[in-house]
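Asks: Encoded as structure tokens, here's the structure I'll be asking about.
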Amino acid sequence: MGASRRRRGRRTAIAAAVAAVALTAGLTTGCDAVNKALDCVQTADTIADSVTDLQQAVENAANDPTQTDESLASIDNNLDKIGDKTDNADVNKAVDDLRKAVDNVRTAVDNGDKTPDLSPVTDAAGELTKVCTP
């Protein structure tokens with residue numbers, strides 16, 4: 001009976017080790033997902049600030065037309081940060097939609113539009129914030 005107890009003890013130890021590894025992997029994956037979500041929220045918040053800056057820049061374009069370009073570049077930079085940190089399809093779609101809206105504003109400004117429609121940018125930024133919120 002001694003050999004049977006040792007085998008049972010070994011099986012229990014192996015099962016416990018496998019469970020511990022699985023639990024650790026699950027926690028690590030969970031923490032990684034939480035960190036990615038927090039990064040997404042923080043960057044989305046930064047983009048929201050950049051959108052506000054863009055709105056102000058467009059309002060003040062007569063005084064300093066470079067502000068609009070700087071605001072658009074800031075949004076692009078932050079979109080790159082989110083795109084690099086996520087593999088979430090909803091987030092990637094929201095990033096693509098916002099990038100397209102920013103490109104449309106940039107084209108309008110380049111074509112001489114002094115008051116481009118920013119509503120697609122604000123709508124897309126709001127959607128990005130929504131999909132980033134855990």
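All residue names refer to the structure tokens as shown: chains lettered A, B, ... in order, residues numbered from 1 in each chain, ligands numbered from 1 in order.
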Using only C-alpha atoms, which protein or nucleic acid residues come within 8 Å of Val105 (chain A)? Drop anything in the same chain fewer than 4 positions from it, and give the result as a PyMOL selection string.

Replies: chain A and resi 101+109+116-118

Asks: Could the residues in this selection be saved with C-alpha atoms as a CSV table (one decimal), in the first residue's frame?

Replies:
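Writing done, so here's out_15.csv:
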```csv
chain,number,residue,atom,x,y,z
A,101,ALA,CA,-11.9,61.4,-40.1
A,109,VAL,CA,-7.6,72.3,-44.5
A,116,PRO,CA,-13.7,72.1,-41.7
A,117,ASP,CA,-16.5,69.9,-40.2
A,118,LEU,CA,-15.0,68.4,-37.1
```

Asks: Can you pull out the residues contacting Asp90 (chain A)? Cut-off 10 Å, using only C-alpha atoms, and skip same-chain residues under 5 positions away; I want them as a ChimeraX atom specification.

Replies: /A:95-96,127-128,130-132

Asks: Mind writing the picked residues with N, CA and C atoms as a PDB file, in the first residue's frame?

Replies:
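Generated file (selection_31.pdb):
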```pdb
ATOM      1  N   VAL A  95     -10.106  53.110 -34.214  1.00  0.00           N
ATOM      2  CA  VAL A  95      -8.863  53.808 -34.580  1.00  0.00           C
ATOM      3  C   VAL A  95      -8.878  54.128 -36.076  1.00  0.00           C
ATOM      4  N   ASP A  96      -9.258  53.153 -36.899  1.00  0.00           N
ATOM      5  CA  ASP A  96      -9.306  53.375 -38.351  1.00  0.00           C
ATOM      6  C   ASP A  96     -10.309  54.471 -38.716  1.00  0.00           C
ATOM      7  N   GLU A 127     -16.456  57.291 -30.057  1.00  0.00           N
ATOM      8  CA  GLU A 127     -16.577  55.834 -30.244  1.00  0.00           C
ATOM      9  C   GLU A 127     -15.346  55.127 -29.735  1.00  0.00           C
ATOM     10  N   LEU A 128     -14.177  55.699 -29.977  1.00  0.00           N
ATOM     11  CA  LEU A 128     -12.935  55.102 -29.488  1.00  0.00           C
ATOM     12  C   LEU A 128     -12.936  55.052 -27.971  1.00  0.00           C
ATOM     13  N   LYS A 130     -15.509  54.936 -26.098  1.00  0.00           N
ATOM     14  CA  LYS A 130     -16.510  53.939 -25.694  1.00  0.00           C
ATOM     15  C   LYS A 130     -15.959  52.520 -25.766  1.00  0.00           C
ATOM     16  N   VAL A 131     -15.248  52.186 -26.849  1.00  0.00           N
ATOM     17  CA  VAL A 131     -14.749  50.809 -26.983  1.00  0.00           C
ATOM     18  C   VAL A 131     -13.529  50.550 -26.102  1.00  0.00           C
ATOM     19  N   CYS A 132     -12.862  51.621 -25.665  1.00  0.00           N
ATOM     20  CA  CYS A 132     -11.706  51.446 -24.778  1.00  0.00           C
ATOM     21  C   CYS A 132     -12.109  51.310 -23.316  1.00  0.00           C
TER      22      CYS A 132
END
```

Asks: Show which residues sit within 6 Å of region 65-81 of chain A, as a list in words. Count only C-alpha atoms, and ignore same-chain residues fewer than 5 positions away.

Replies: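 Non-adjacent residues within range: Ile47, Ser50, Leu54, Ala57 and Val58 of chain A.
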
Asks: With N, CA and C atoms kept, could you save the residues just selected as a PDB file, in the first residue's frame?

Replies:
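Result file is out-v2.pdb:
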```
ATOM      1  N   ILE A  47      -6.348  61.459 -26.689  1.00  0.00           N
ATOM      2  CA  ILE A  47      -6.905  61.815 -27.998  1.00  0.00           C
ATOM      3  C   ILE A  47      -8.069  62.780 -27.824  1.00  0.00           C
ATOM      4  N   SER A  50      -6.669  66.015 -27.452  1.00  0.00           N
ATOM      5  CA  SER A  50      -6.150  66.476 -28.745  1.00  0.00           C
ATOM      6  C   SER A  50      -7.278  66.964 -29.646  1.00  0.00           C
ATOM      7  N   LEU A  54      -7.742  70.489 -31.268  1.00  0.00           N
ATOM      8  CA  LEU A  54      -8.020  70.660 -32.690  1.00  0.00           C
ATOM      9  C   LEU A  54      -9.170  71.646 -32.881  1.00  0.00           C
ATOM     10  N   ALA A  57      -7.854  75.002 -32.251  1.00  0.00           N
ATOM     11  CA  ALA A  57      -6.931  75.387 -33.320  1.00  0.00           C
ATOM     12  C   ALA A  57      -7.694  75.853 -34.556  1.00  0.00           C
ATOM     13  N   VAL A  58      -8.763  75.141 -34.885  1.00  0.00           N
ATOM     14  CA  VAL A  58      -9.563  75.529 -36.051  1.00  0.00           C
ATOM     15  C   VAL A  58     -10.212  76.889 -35.794  1.00  0.00           C
TER      16      VAL A  58
END
```

Asks: Can you list, as a PyMOL selection string, all residues belonging to region 79-125 of chain A that DSSP tags as alpha helix (DSSP H)?

Replies: chain A and resi 79-85+89-110+119-125

Asks: Looking at only C-alpha atoms, which of A:Thr129, A:Thr115, A:Ala108, A:Val102 is the one that sits closest to Thr43 (chain A)?

Replies: A:Thr129
